[in-house]
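S.K.: Provided herewith: coords_8.pdb, PDB, C-alpha atoms and all ligand atoms.
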ATOM      1  CA  MET A  26      51.589 -11.349 -67.341
ATOM      2  CA  VAL A  27      49.761 -13.962 -69.385
ATOM      3  CA  PRO A  28      46.478 -13.519 -67.454
ATOM      4  CA  GLU A  29      46.781  -9.735 -68.005
ATOM      5  CA  ILE A  30      47.112 -10.264 -71.753
ATOM      6  CA  ALA A  31      44.209 -12.740 -71.732
ATOM      7  CA  ALA A  32      42.000 -10.324 -69.789
ATOM      8  CA  ARG A  33      42.740  -7.512 -72.218
ATOM      9  CA  ALA A  34      42.129  -9.762 -75.236
ATOM     10  CA  HIS A  35      38.770 -10.822 -73.784
ATOM     11  CA  LEU A  36      37.810  -7.208 -73.099
ATOM     12  CA  ASP A  37      38.702  -6.238 -76.658
ATOM     13  CA  ALA A  38      36.832  -9.178 -78.173
ATOM     14  CA  VAL A  39      33.684  -9.484 -76.092
ATOM     15  CA  VAL A  40      31.435  -6.825 -77.670
ATOM     16  CA  PRO A  41      32.445  -7.456 -81.318
ATOM     17  CA  THR A  42      31.986 -11.204 -80.719
ATOM     18  CA  LEU A  43      28.520 -10.688 -79.253
ATOM     19  CA  GLN A  44      27.587  -8.482 -82.187
ATOM     20  CA  LEU A  45      28.835 -11.100 -84.648
ATOM     21  CA  ALA A  46      26.838 -13.843 -82.889
ATOM     22  CA  LEU A  47      23.655 -11.737 -83.021
ATOM     23  CA  ASP A  48      24.226 -10.932 -86.704
ATOM     24  CA  ASP A  49      24.939 -14.576 -87.600
ATOM     25  CA  ALA A  50      21.846 -15.757 -85.724
ATOM     26  CA  GLY A  51      19.678 -12.975 -87.180
ATOM     27  CA  VAL A  52      18.642 -11.971 -83.668
ATOM     28  CA  GLN A  53      18.130  -8.455 -82.267
ATOM     29  CA  ARG A  54      19.269  -7.550 -78.763
ATOM     30  CA  GLU A  55      15.634  -7.037 -77.769
ATOM     31  CA  ASP A  56      14.821 -10.643 -78.767
ATOM     32  CA  ILE A  57      16.959 -12.018 -75.915
ATOM     33  CA  THR A  58      14.715 -13.367 -73.154
ATOM     34  CA  HIS A  59      17.280 -15.144 -70.927
ATOM     35  CA  VAL A  60      21.062 -14.981 -70.485
ATOM     36  CA  ALA A  61      23.330 -17.936 -69.637
ATOM     37  CA  VAL A  62      27.024 -17.496 -68.925
ATOM     38  CA  THR A  63      29.998 -19.626 -67.880
ATOM     39  CA  SER A  64      30.666 -18.599 -64.285
ATOM     40  CA  GLY A  65      33.371 -21.268 -63.880
ATOM     41  CA  PRO A  66      35.674 -23.060 -64.151
ATOM     42  CA  GLY A  67      38.270 -21.340 -66.326
ATOM     43  CA  LEU A  68      41.045 -18.777 -66.399
ATOM     44  CA  ALA A  69      39.900 -16.303 -63.710
ATOM     45  CA  THR A  70      40.325 -13.133 -65.741
ATOM     46  CA  ALA A  71      38.504 -14.596 -68.729
ATOM     47  CA  VAL A  72      35.607 -15.827 -66.585
ATOM     48  CA  HIS A  73      35.354 -12.369 -64.961
ATOM     49  CA  VAL A  74      35.124 -10.573 -68.295
ATOM     50  CA  GLY A  75      32.437 -12.957 -69.582
ATOM     51  CA  LEU A  76      30.444 -12.783 -66.373
ATOM     52  CA  ALA A  77      30.600  -8.974 -66.228
ATOM     53  CA  ALA A  78      29.421  -8.757 -69.835
ATOM     54  CA  ALA A  79      26.552 -11.200 -69.186
ATOM     55  CA  LYS A  80      25.477  -9.241 -66.105
ATOM     56  CA  ALA A  81      25.471  -6.013 -68.107
ATOM     57  CA  ILE A  82      23.275  -7.598 -70.794
ATOM     58  CA  ALA A  83      20.875  -9.196 -68.293
ATOM     59  CA  TRP A  84      20.618  -5.975 -66.283
ATOM     60  CA  SER A  85      20.077  -3.688 -69.256
ATOM     61  CA  LEU A  86      17.508  -6.006 -70.881
ATOM     62  CA  ASP A  87      15.950  -6.942 -67.530
ATOM     63  CA  THR A  88      16.228 -10.677 -68.223
ATOM     64  CA  PRO A  89      17.016 -13.585 -65.856
ATOM     65  CA  LEU A  90      20.691 -14.661 -65.632
ATOM     66  CA  TYR A  91      21.896 -18.278 -65.233
ATOM     67  CA  GLY A  92      25.448 -19.194 -64.186
ATOM     68  CA  VAL A  93      26.508 -22.367 -65.990
ATOM     69  CA  HIS A  94      29.325 -24.840 -65.314
ATOM     70  CA  HIS A  95      31.623 -24.851 -68.349
ATOM     71  CA  LEU A  96      31.925 -28.649 -68.422
ATOM     72  CA  ALA A  97      28.155 -29.159 -68.335
ATOM     73  CA  GLY A  98      28.200 -26.969 -71.438
ATOM     74  CA  HIS A  99      30.480 -29.460 -73.173
ATOM     75  CA  ALA A 100      27.965 -32.248 -72.445
ATOM     76  CA  ALA A 101      25.067 -30.078 -73.647
ATOM     77  CA  ALA A 102      26.849 -29.610 -76.981
ATOM     78  CA  ASP A 103      25.970 -33.206 -77.730
ATOM     79  CA  ILE A 104      22.297 -32.612 -76.885
ATOM     80  CA  LEU A 105      22.308 -29.784 -79.452
ATOM     81  CA  GLU A 106      23.424 -32.247 -82.097
ATOM     82  CA  HIS A 107      21.825 -35.566 -81.108
ATOM     83  CA  GLY A 108      18.821 -34.628 -78.969
ATOM     84  CA  PRO A 109      18.026 -35.468 -75.337
ATOM     85  CA  LEU A 110      20.330 -37.804 -73.417
ATOM     86  CA  PRO A 111      18.982 -41.194 -72.287
ATOM     87  CA  GLU A 112      17.882 -41.606 -68.679
ATOM     88  CA  ARG A 113      21.480 -42.358 -67.626
ATOM     89  CA  SER A 114      24.750 -42.284 -69.533
ATOM     90  CA  ILE A 115      28.499 -42.165 -69.059
ATOM     91  CA  VAL A 116      30.116 -38.923 -70.190
ATOM     92  CA  LEU A 117      33.848 -38.710 -70.900
ATOM     93  CA  ILE A 118      34.976 -35.073 -70.797
ATOM     94  CA  VAL A 119      38.359 -34.490 -72.408
ATOM     95  CA  SER A 120      39.429 -30.858 -72.650
ATOM     96  CA  GLY A 121      42.504 -28.705 -72.168
ATOM     97  CA  GLY A 122      41.894 -28.396 -68.434
ATOM     98  CA  HIS A 123      39.872 -31.486 -67.490
ATOM     99  CA  THR A 124      39.671 -35.231 -68.039
ATOM    100  CA  SER A 125      36.790 -36.869 -66.211
ATOM    101  CA  ILE A 126      34.439 -39.829 -66.434
ATOM    102  CA  LEU A 127      30.980 -38.862 -65.200
ATOM    103  CA  ALA A 128      27.709 -40.683 -64.596
ATOM    104  CA  VAL A 129      24.981 -38.355 -65.808
ATOM    105  CA  GLY A 130      21.174 -38.490 -65.621
ATOM    106  CA  ASP A 131      19.085 -35.450 -66.529
ATOM    107  CA  LEU A 132      21.841 -32.928 -67.178
ATOM    108  CA  VAL A 133      20.169 -30.020 -65.365
ATOM    109  CA  ARG A 134      17.951 -31.720 -62.768
ATOM    110  CA  ASP A 135      20.152 -34.512 -61.405
ATOM    111  CA  PRO A 136      23.441 -34.301 -59.538
ATOM    112  CA  ILE A 137      26.455 -35.274 -61.669
ATOM    113  CA  GLU A 138      28.520 -38.144 -60.279
ATOM    114  CA  HIS A 139      32.312 -38.106 -60.764
ATOM    115  CA  LEU A 140      33.665 -41.601 -61.333
ATOM    116  CA  GLY A 141      37.230 -40.468 -61.955
ATOM    117  CA  ASP A 142      39.459 -37.577 -62.965
ATOM    118  CA  THR A 143      43.097 -37.087 -63.904
ATOM    119  CA  LEU A 144      45.776 -37.136 -61.242
ATOM    120  CA  ASP A 145      47.957 -34.669 -63.149
ATOM    121  CA  ASP A 146      47.720 -33.370 -66.753
ATOM    122  CA  ALA A 147      44.451 -33.242 -68.669
ATOM    123  CA  ALA A 148      44.363 -35.103 -71.991
ATOM    124  CA  GLY A 149      44.346 -31.855 -74.013
ATOM    125  CA  GLU A 150      47.179 -30.474 -71.903
ATOM    126  CA  ALA A 151      49.225 -33.580 -72.770
ATOM    127  CA  PHE A 152      48.594 -32.912 -76.487
ATOM    128  CA  ASP A 153      49.632 -29.266 -76.007
ATOM    129  CA  LYS A 154      52.833 -30.126 -74.082
ATOM    130  CA  VAL A 155      53.912 -32.886 -76.470
ATOM    131  CA  ALA A 156      53.250 -30.614 -79.473
ATOM    132  CA  ARG A 157      55.486 -27.978 -77.888
ATOM    133  CA  LEU A 158      58.322 -30.420 -77.332
ATOM    134  CA  LEU A 159      58.020 -31.696 -80.908
ATOM    135  CA  GLY A 160      58.128 -28.067 -82.100
ATOM    136  CA  LEU A 161      54.658 -28.280 -83.650
ATOM    137  CA  GLY A 162      53.020 -25.196 -82.085
ATOM    138  CA  TYR A 163      49.713 -24.561 -80.311
ATOM    139  CA  PRO A 164      47.005 -25.790 -79.814
ATOM    140  CA  GLY A 165      48.592 -29.207 -79.748
ATOM    141  CA  GLY A 166      45.607 -31.407 -80.590
ATOM    142  CA  PRO A 167      45.048 -30.432 -84.218
ATOM    143  CA  VAL A 168      48.777 -30.233 -85.081
ATOM    144  CA  ILE A 169      49.596 -33.583 -83.456
ATOM    145  CA  SER A 170      46.728 -35.337 -85.198
ATOM    146  CA  ARG A 171      47.750 -33.814 -88.533
ATOM    147  CA  ALA A 172      51.376 -34.974 -88.055
ATOM    148  CA  ALA A 173      50.143 -38.386 -86.860
ATOM    149  CA  LEU A 174      48.350 -39.033 -90.159
ATOM    150  CA  GLU A 175      51.746 -39.733 -91.749
ATOM    151  CA  GLY A 176      53.058 -41.763 -88.807
ATOM    152  CA  ASP A 177      53.019 -45.326 -87.486
ATOM    153  CA  PRO A 178      51.080 -45.573 -84.184
ATOM    154  CA  THR A 179      53.031 -48.735 -83.253
ATOM    155  CA  ALA A 180      56.493 -47.230 -83.875
ATOM    156  CA  PHE A 181      57.010 -46.387 -80.170
ATOM    157  CA  SER A 182      55.369 -48.174 -77.275
ATOM    158  CA  PHE A 183      54.639 -45.319 -74.908
ATOM    159  CA  PRO A 184      53.182 -46.089 -71.458
ATOM    160  CA  ARG A 185      49.441 -46.523 -70.854
ATOM    161  CA  ALA A 186      49.085 -45.343 -67.257
ATOM    162  CA  MET A 187      46.561 -46.535 -64.684
ATOM    163  CA  LEU A 188      45.480 -49.627 -66.621
ATOM    164  CA  ARG A 189      46.970 -52.254 -64.305
ATOM    165  CA  GLN A 190      44.887 -54.425 -62.030
ATOM    166  CA  GLY A 191      44.484 -52.581 -58.739
ATOM    167  CA  ASP A 192      44.723 -49.124 -60.351
ATOM    168  CA  ALA A 193      41.706 -46.877 -59.796
ATOM    169  CA  PRO A 194      39.588 -47.916 -62.814
ATOM    170  CA  TYR A 195      38.402 -44.476 -63.870
ATOM    171  CA  THR A 196      41.413 -42.365 -62.865
ATOM    172  CA  PHE A 197      43.807 -41.005 -65.495
ATOM    173  CA  SER A 198      47.425 -39.863 -65.468
ATOM    174  CA  PHE A 199      49.147 -38.375 -68.497
ATOM    175  CA  SER A 200      52.306 -36.779 -67.104
ATOM    176  CA  GLY A 201      54.327 -40.032 -67.333
ATOM    177  CA  LEU A 202      53.412 -40.332 -71.003
ATOM    178  CA  LYS A 203      54.536 -36.768 -71.667
ATOM    179  CA  THR A 204      57.847 -37.499 -69.853
ATOM    180  CA  ALA A 205      58.331 -40.693 -71.896
ATOM    181  CA  VAL A 206      57.914 -38.712 -75.127
ATOM    182  CA  ALA A 207      60.363 -36.053 -73.869
ATOM    183  CA  ARG A 208      62.914 -38.721 -72.967
ATOM    184  CA  THR A 209      62.585 -40.373 -76.388
ATOM    185  CA  VAL A 210      63.177 -37.039 -78.158
ATOM    186  CA  GLU A 211      66.182 -36.227 -75.909
ATOM    187  CA  THR A 212      67.774 -39.631 -76.481
ATOM    188  CA  LEU A 213      67.433 -39.339 -80.262
ATOM    189  CA  GLU A 214      68.785 -35.784 -80.281
ATOM    190  CA  ARG A 215      71.740 -36.712 -78.068
ATOM    191  CA  ALA A 216      72.592 -39.559 -80.437
ATOM    192  CA  GLY A 217      72.424 -37.101 -83.359
ATOM    193  CA  GLU A 218      69.597 -39.073 -84.923
ATOM    194  CA  PRO A 219      66.613 -37.463 -86.679
ATOM    195  CA  VAL A 220      63.418 -37.206 -84.615
ATOM    196  CA  PRO A 221      60.612 -39.079 -86.417
ATOM    197  CA  VAL A 222      57.952 -36.525 -85.552
ATOM    198  CA  ALA A 223      55.081 -38.262 -87.356
ATOM    199  CA  ASP A 224      55.769 -41.654 -85.716
ATOM    200  CA  ILE A 225      56.108 -40.093 -82.265
ATOM    201  CA  ALA A 226      52.909 -38.062 -82.754
ATOM    202  CA  ALA A 227      50.974 -41.148 -83.921
ATOM    203  CA  SER A 228      52.306 -43.364 -81.102
ATOM    204  CA  PHE A 229      51.582 -40.693 -78.468
ATOM    205  CA  GLU A 230      48.073 -40.129 -79.829
ATOM    206  CA  GLN A 231      47.407 -43.875 -79.834
ATOM    207  CA  ALA A 232      48.535 -44.168 -76.188
ATOM    208  CA  VAL A 233      46.168 -41.385 -75.068
ATOM    209  CA  VAL A 234      43.266 -42.777 -77.089
ATOM    210  CA  ASP A 235      43.749 -46.353 -75.819
ATOM    211  CA  VAL A 236      43.478 -45.277 -72.187
ATOM    212  CA  LEU A 237      40.530 -42.924 -72.754
ATOM    213  CA  VAL A 238      38.522 -45.534 -74.642
ATOM    214  CA  LYS A 239      39.318 -48.498 -72.358
ATOM    215  CA  LYS A 240      38.327 -46.674 -69.200
ATOM    216  CA  SER A 241      35.172 -45.073 -70.518
ATOM    217  CA  VAL A 242      33.889 -48.282 -72.175
ATOM    218  CA  ARG A 243      34.585 -50.091 -68.898
ATOM    219  CA  ALA A 244      32.546 -47.486 -67.002
ATOM    220  CA  VAL A 245      29.560 -47.981 -69.312
ATOM    221  CA  ARG A 246      29.674 -51.768 -68.886
ATOM    222  CA  GLU A 247      30.271 -51.790 -65.143
ATOM    223  CA  ARG A 248      27.397 -49.377 -64.615
ATOM    224  CA  GLY A 249      25.140 -51.547 -66.781
ATOM    225  CA  LEU A 250      24.454 -48.650 -69.163
ATOM    226  CA  ASP A 251      24.376 -48.534 -72.936
ATOM    227  CA  THR A 252      25.381 -45.000 -73.909
ATOM    228  CA  LEU A 253      28.799 -43.315 -73.981
ATOM    229  CA  VAL A 254      29.051 -39.590 -74.698
ATOM    230  CA  ILE A 255      32.480 -38.104 -75.462
ATOM    231  CA  VAL A 256      32.814 -34.309 -75.331
ATOM    232  CA  GLY A 257      35.409 -31.516 -74.958
ATOM    233  CA  GLY A 258      38.144 -30.259 -77.284
ATOM    234  CA  VAL A 259      39.971 -33.612 -77.503
ATOM    235  CA  ALA A 260      36.724 -35.267 -78.696
ATOM    236  CA  ALA A 261      37.460 -33.526 -82.027
ATOM    237  CA  ASN A 262      40.349 -35.995 -82.448
ATOM    238  CA  ALA A 263      39.773 -38.303 -85.421
ATOM    239  CA  ARG A 264      41.669 -41.281 -83.966
ATOM    240  CA  LEU A 265      39.732 -41.049 -80.689
ATOM    241  CA  ARG A 266      36.448 -40.901 -82.608
ATOM    242  CA  ALA A 267      37.384 -43.902 -84.777
ATOM    243  CA  VAL A 268      38.730 -46.134 -81.970
ATOM    244  CA  ALA A 269      35.801 -45.309 -79.671
ATOM    245  CA  GLN A 270      33.350 -46.130 -82.478
ATOM    246  CA  GLU A 271      35.066 -49.444 -83.141
ATOM    247  CA  LYS A 272      35.055 -50.480 -79.456
ATOM    248  CA  CYS A 273      31.465 -49.351 -78.930
ATOM    249  CA  ASP A 274      30.309 -51.279 -82.013
ATOM    250  CA  GLU A 275      32.051 -54.389 -80.675
ATOM    251  CA  THR A 276      30.378 -54.094 -77.283
ATOM    252  CA  GLY A 277      26.922 -52.891 -78.342
ATOM    253  CA  ILE A 278      27.308 -49.430 -76.811
ATOM    254  CA  GLU A 279      25.692 -46.405 -78.422
ATOM    255  CA  LEU A 280      28.384 -43.762 -78.945
ATOM    256  CA  ARG A 281      27.510 -40.065 -79.112
ATOM    257  CA  ILE A 282      30.131 -37.448 -79.997
ATOM    258  CA  PRO A 283      29.242 -33.936 -81.155
ATOM    259  CA  PRO A 284      30.676 -32.787 -84.509
ATOM    260  CA  PRO A 285      34.220 -31.364 -84.109
ATOM    261  CA  ARG A 286      33.068 -27.711 -84.277
ATOM    262  CA  LEU A 287      30.907 -28.298 -81.169
ATOM    263  CA  CYS A 288      33.659 -30.210 -79.302
ATOM    264  CA  THR A 289      36.013 -27.271 -78.803
ATOM    265  CA  ASP A 290      34.859 -24.334 -76.668
ATOM    266  CA  ASN A 291      31.872 -22.458 -78.067
ATOM    267  CA  GLY A 292      29.020 -20.264 -76.913
ATOM    268  CA  ALA A 293      26.209 -22.461 -78.241
ATOM    269  CA  MET A 294      26.939 -25.143 -75.651
ATOM    270  CA  ILE A 295      26.418 -22.674 -72.798
ATOM    271  CA  ALA A 296      23.206 -21.382 -74.396
ATOM    272  CA  ALA A 297      22.088 -25.035 -74.649
ATOM    273  CA  VAL A 298      22.454 -25.463 -70.878
ATOM    274  CA  GLY A 299      20.575 -22.174 -70.387
ATOM    275  CA  ASP A 300      17.758 -23.481 -72.570
ATOM    276  CA  LEU A 301      17.544 -26.722 -70.541
ATOM    277  CA  LEU A 302      17.562 -24.773 -67.271
ATOM    278  CA  VAL A 303      14.750 -22.472 -68.401
ATOM    279  CA  ARG A 304      12.649 -25.409 -69.628
ATOM    280  CA  SER A 305      13.172 -27.279 -66.365
ATOM    281  CA  GLY A 306      11.918 -24.261 -64.395
ATOM    282  CA  ALA A 307      15.244 -23.660 -62.609
ATOM    283  CA  GLU A 308      15.558 -20.507 -60.491
ATOM    284  CA  PRO A 309      17.799 -17.938 -62.207
ATOM    285  CA  SER A 310      21.178 -17.438 -60.521
ATOM    286  CA  GLY A 311      20.596 -13.685 -60.451
ATOM    287  CA  LEU A 312      22.908 -10.702 -60.825
ATOM    288  CA  GLY A 313      24.663 -11.484 -57.531
ATOM    289  CA  ILE A 314      26.430 -14.542 -58.935
ATOM    290  CA  ALA A 315      30.222 -14.569 -58.507
ATOM    291  CA  ALA A 316      32.875 -16.127 -60.735
ATOM    292  CA  ASP A 317      34.114 -19.507 -59.530
ATOM    293  CA  PRO A 318      37.289 -20.150 -61.586
ATOM    294  CA  SER A 319      37.920 -23.566 -59.998
ATOM    295  CA  ALA A 320      34.292 -24.749 -59.720
ATOM    296  CA  VAL A 321      33.946 -28.507 -59.265
ATOM    297  CA  LEU A 322      31.246 -30.141 -61.384
ATOM    298  CA  HIS A 323      28.316 -31.213 -59.214
ATOM    299  CA  GLY A 324      25.537 -29.872 -61.401
ATOM    300  CA  ALA A 325      24.952 -27.861 -64.557
ATOM    301  CA  GLN A 326      24.017 -24.636 -62.760
ATOM    302  CA  LEU A 327      26.508 -23.022 -60.413
ATOM    303  CA  PRO A 328      25.147 -21.959 -57.039
ATOM    304  CA  LEU A 329      25.556 -18.434 -55.702
ATOM    305  CA  LEU A 330      28.842 -18.220 -53.792
TER     306      LEU A 330
HETATM  307  O1  LIG B   1      37.363 -27.944 -74.551
HETATM  308  P1  LIG B   1      38.425 -27.083 -75.099
HETATM  309  O2  LIG B   1      38.175 -26.342 -76.386
HETATM  310  O3  LIG B   1      38.890 -26.012 -74.067
HETATM  311  C1  LIG B   1      38.943 -26.294 -72.684
HETATM  312  O4  LIG B   1      37.877 -26.238 -72.048
HETATM  313  O5  LIG B   1      40.063 -26.617 -72.241
HETATM  314  O6  LIG B   1      39.714 -28.034 -75.275
HETATM  315  C2  LIG B   1      40.940 -27.521 -75.747
HETATM  316  C3  LIG B   1      41.898 -28.685 -75.867
HETATM  317  C4  LIG B   1      43.323 -28.256 -76.208
HETATM  318  O7  LIG B   1      44.209 -28.852 -75.291
HETATM  319  C5  LIG B   1      43.510 -28.800 -77.619
HETATM  320  O8  LIG B   1      44.856 -29.191 -77.885
HETATM  321  C6  LIG B   1      42.578 -29.997 -77.622
HETATM  322  O9  LIG B   1      41.459 -29.582 -76.889
HETATM  323  N1  LIG B   1      42.171 -30.375 -78.990
HETATM  324  C7  LIG B   1      42.473 -31.565 -79.544
HETATM  325  C8  LIG B   1      41.993 -31.523 -80.886
HETATM  326  N2  LIG B   1      41.396 -30.299 -81.089
HETATM  327  C9  LIG B   1      41.529 -29.618 -79.903
HETATM  328  N3  LIG B   1      43.114 -32.639 -79.047
HETATM  329  C10 LIG B   1      43.295 -33.699 -79.866
HETATM  330  N4  LIG B   1      42.885 -33.733 -81.143
HETATM  331  C11 LIG B   1      42.231 -32.668 -81.709
HETATM  332  N5  LIG B   1      41.834 -32.716 -82.977
HETATM  333 ZN    ZN B   2      36.118 -26.337 -72.700
END
What do you get writing this file as structure tokens?
M.R.:
Amino acid sequence: MVPEIAARAHLDAVVPTLQLALDDAGVQREDITHVAVTSGPGLATAVHVGLAAAKAIAWSLDTPLYGVHHLAGHAAADILEHGPLPERSIVLIVSGGHTSILAVGDLVRDPIEHLGDTLDDAAGEAFDKVARLLGLGYPGGPVISRAALEGDPTAFSFPRAMLRQGDAPYTFSFSGLKTAVARTVETLERAGEPVPVADIAASFEQAVVDVLVKKSVRAVRERGLDTLVIVGGVAANARLRAVAQEKCDETGIELRIPPPRLCTDNGAMIAAVGDLLVRSGAEPSGLGIAADPSAVLHGAQLPLL
């Protein structure tokens, strides 16, 4: 039922949202010369609604249509803020559905190399699940980080997975951490003790941040690069931003993170990929493009299926 509700909500929202975006930007429909749209990955019904709307716009205005990979959009958000990427960089994508370390060259011309992904939960998903079990609501990231402000990040020593020698260096796993938090809460509740929500939130957040920063800084050094880009909804997290900045300063790495409003999902990041594709002379995807809800990231533009 949830996908049905999501599909209906997208259908209700799509035209008013487009109108609002045009009004805010001071742009008329006739001013649109190209259309870029997320054609994957994402919740299938949501991707279908967005793609159908984009096709209708491109068809009625007779403009080229580009299908964009959602995660490439997250990386492009940083280009919007900080300008072109260097020749090569390491990109850490941390969102509600993905956690990946990528080696990236020219975002739209070069293939994107996956160095590692998560074996189970994404980082944002871990925030959402832990927030639910602490009774903090959804989305988990902002509420956990707010609660964590009052807490001690060393109060609980939650596990840092995949950091031992012999572990895949760029692979993540967050489900054990979530289970450790659940077990801690259960044990306290069974003993009739109060649950120190702020301390648990801060210790959980610190555990996630430690692993994300260690692995991505290691990738930059091992690849002999000097730029780390952190993007996706979890990149809005203040502790992640602060710890990453500290480690990058120590090791002489240039850190780029978009401002929080461009970290979480937004339309500008997809338009930014469209802009790069048009400038690079890429062939439009065309009106025949299909949705690819589980598209793997190989490049910024999604091929016709
Ligand atoms: O990139 P995004 O907006 O959507 C996806 O593509 O998934 O990421 C959403 C995720 C959610 O799991 C949310 O809890 C997390 O980003 N998030 C945060 C923060 N703001 C959003 N996680 C940690 N700290 C935050 N401040
Ligand atoms: Zn996203």
S.K.: Quick one: residues within 12 Å of A:Ala78, all atoms listed in the file counted, chain neighbours fewer than 5 positions away excluded, as an mmCIF file with C-alpha atoms, keeping the file's coordinate frame?
M.R.:
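Output file selection_35.cif follows:
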data_model
loop_
_atom_site.group_PDB
_atom_site.id
_atom_site.type_symbol
_atom_site.label_atom_id
_atom_site.label_comp_id
_atom_site.auth_asym_id
_atom_site.auth_seq_id
_atom_site.Cartn_x
_atom_site.Cartn_y
_atom_site.Cartn_z
ATOM 1 C CA HIS A 35 38.770 -10.822 -73.784
ATOM 2 C CA LEU A 36 37.810 -7.208 -73.099
ATOM 3 C CA ASP A 37 38.702 -6.238 -76.658
ATOM 4 C CA ALA A 38 36.832 -9.178 -78.173
ATOM 5 C CA VAL A 39 33.684 -9.484 -76.092
ATOM 6 C CA VAL A 40 31.435 -6.825 -77.670
ATOM 7 C CA PRO A 41 32.445 -7.456 -81.318
ATOM 8 C CA THR A 42 31.986 -11.204 -80.719
ATOM 9 C CA LEU A 43 28.520 -10.688 -79.253
ATOM 10 C CA VAL A 60 21.062 -14.981 -70.485
ATOM 11 C CA ALA A 61 23.330 -17.936 -69.637
ATOM 12 C CA VAL A 62 27.024 -17.496 -68.925
ATOM 13 C CA THR A 63 29.998 -19.626 -67.880
ATOM 14 C CA SER A 64 30.666 -18.599 -64.285
ATOM 15 C CA ALA A 71 38.504 -14.596 -68.729
ATOM 16 C CA VAL A 72 35.607 -15.827 -66.585
ATOM 17 C CA HIS A 73 35.354 -12.369 -64.961
ATOM 18 C CA ALA A 83 20.875 -9.196 -68.293
ATOM 19 C CA TRP A 84 20.618 -5.975 -66.283
ATOM 20 C CA SER A 85 20.077 -3.688 -69.256
ATOM 21 C CA LEU A 90 20.691 -14.661 -65.632
ATOM 22 C CA LEU A 312 22.908 -10.702 -60.825
#
S.K.: Quick check on the file I pasted: which residues fall under the PyMOL selection byres (((chain A and resi 145-149) around 12) and not hetatm)? Write them as a PyMOL selection string.
M.R.: chain A and resi 117-125+142-144+150-156+163-167+169-170+186+196-204+229-230+232-237+256-262+265+289
S.K.: How about saving the chosen residues, C-alpha atoms kept, as a short mmCIF file (atom, residue, chain, number, x, y, z; two decimals), in the frame of the given file?
M.R.:
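Generated file (again_15.cif):
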data_model
loop_
_atom_site.label_atom_id
_atom_site.label_comp_id
_atom_site.auth_asym_id
_atom_site.auth_seq_id
_atom_site.Cartn_x
_atom_site.Cartn_y
_atom_site.Cartn_z
CA LEU A 117 33.85 -38.71 -70.90
CA ILE A 118 34.98 -35.07 -70.80
CA VAL A 119 38.36 -34.49 -72.41
CA SER A 120 39.43 -30.86 -72.65
CA GLY A 121 42.50 -28.70 -72.17
CA GLY A 122 41.89 -28.40 -68.43
CA HIS A 123 39.87 -31.49 -67.49
CA THR A 124 39.67 -35.23 -68.04
CA SER A 125 36.79 -36.87 -66.21
CA ASP A 142 39.46 -37.58 -62.96
CA THR A 143 43.10 -37.09 -63.90
CA LEU A 144 45.78 -37.14 -61.24
CA GLU A 150 47.18 -30.47 -71.90
CA ALA A 151 49.22 -33.58 -72.77
CA PHE A 152 48.59 -32.91 -76.49
CA ASP A 153 49.63 -29.27 -76.01
CA LYS A 154 52.83 -30.13 -74.08
CA VAL A 155 53.91 -32.89 -76.47
CA ALA A 156 53.25 -30.61 -79.47
CA TYR A 163 49.71 -24.56 -80.31
CA PRO A 164 47.00 -25.79 -79.81
CA GLY A 165 48.59 -29.21 -79.75
CA GLY A 166 45.61 -31.41 -80.59
CA PRO A 167 45.05 -30.43 -84.22
CA ILE A 169 49.60 -33.58 -83.46
CA SER A 170 46.73 -35.34 -85.20
CA ALA A 186 49.08 -45.34 -67.26
CA THR A 196 41.41 -42.36 -62.86
CA PHE A 197 43.81 -41.00 -65.50
CA SER A 198 47.42 -39.86 -65.47
CA PHE A 199 49.15 -38.38 -68.50
CA SER A 200 52.31 -36.78 -67.10
CA GLY A 201 54.33 -40.03 -67.33
CA LEU A 202 53.41 -40.33 -71.00
CA LYS A 203 54.54 -36.77 -71.67
CA THR A 204 57.85 -37.50 -69.85
CA PHE A 229 51.58 -40.69 -78.47
CA GLU A 230 48.07 -40.13 -79.83
CA ALA A 232 48.54 -44.17 -76.19
CA VAL A 233 46.17 -41.38 -75.07
CA VAL A 234 43.27 -42.78 -77.09
CA ASP A 235 43.75 -46.35 -75.82
CA VAL A 236 43.48 -45.28 -72.19
CA LEU A 237 40.53 -42.92 -72.75
CA VAL A 256 32.81 -34.31 -75.33
CA GLY A 257 35.41 -31.52 -74.96
CA GLY A 258 38.14 -30.26 -77.28
CA VAL A 259 39.97 -33.61 -77.50
CA ALA A 260 36.72 -35.27 -78.70
CA ALA A 261 37.46 -33.53 -82.03
CA ASN A 262 40.35 -35.99 -82.45
CA LEU A 265 39.73 -41.05 -80.69
CA THR A 289 36.01 -27.27 -78.80
#
S.K.: Can you pull out the residues contacting stretch 241-248 of chain A? Cut-off 8 Å, using only C-alpha atoms, and skip same-chain residues under 2 positions away; I want them as a compact mmCIF listing (two decimals) with C-alpha atoms, in the coordinates of the input.
M.R.:
# COMPACT_ATOMS: atom_id res chain seq x y z
CA SER A 114 24.75 -42.28 -69.53
CA ILE A 115 28.50 -42.16 -69.06
CA VAL A 116 30.12 -38.92 -70.19
CA LEU A 117 33.85 -38.71 -70.90
CA ILE A 126 34.44 -39.83 -66.43
CA TYR A 195 38.40 -44.48 -63.87
CA LEU A 237 40.53 -42.92 -72.75
CA VAL A 238 38.52 -45.53 -74.64
CA LYS A 239 39.32 -48.50 -72.36
CA LEU A 250 24.45 -48.65 -69.16
CA ASP A 251 24.38 -48.53 -72.94
CA THR A 252 25.38 -45.00 -73.91
CA LEU A 253 28.80 -43.32 -73.98
CA LYS A 272 35.06 -50.48 -79.46
CA CYS A 273 31.46 -49.35 -78.93
CA ILE A 278 27.31 -49.43 -76.81
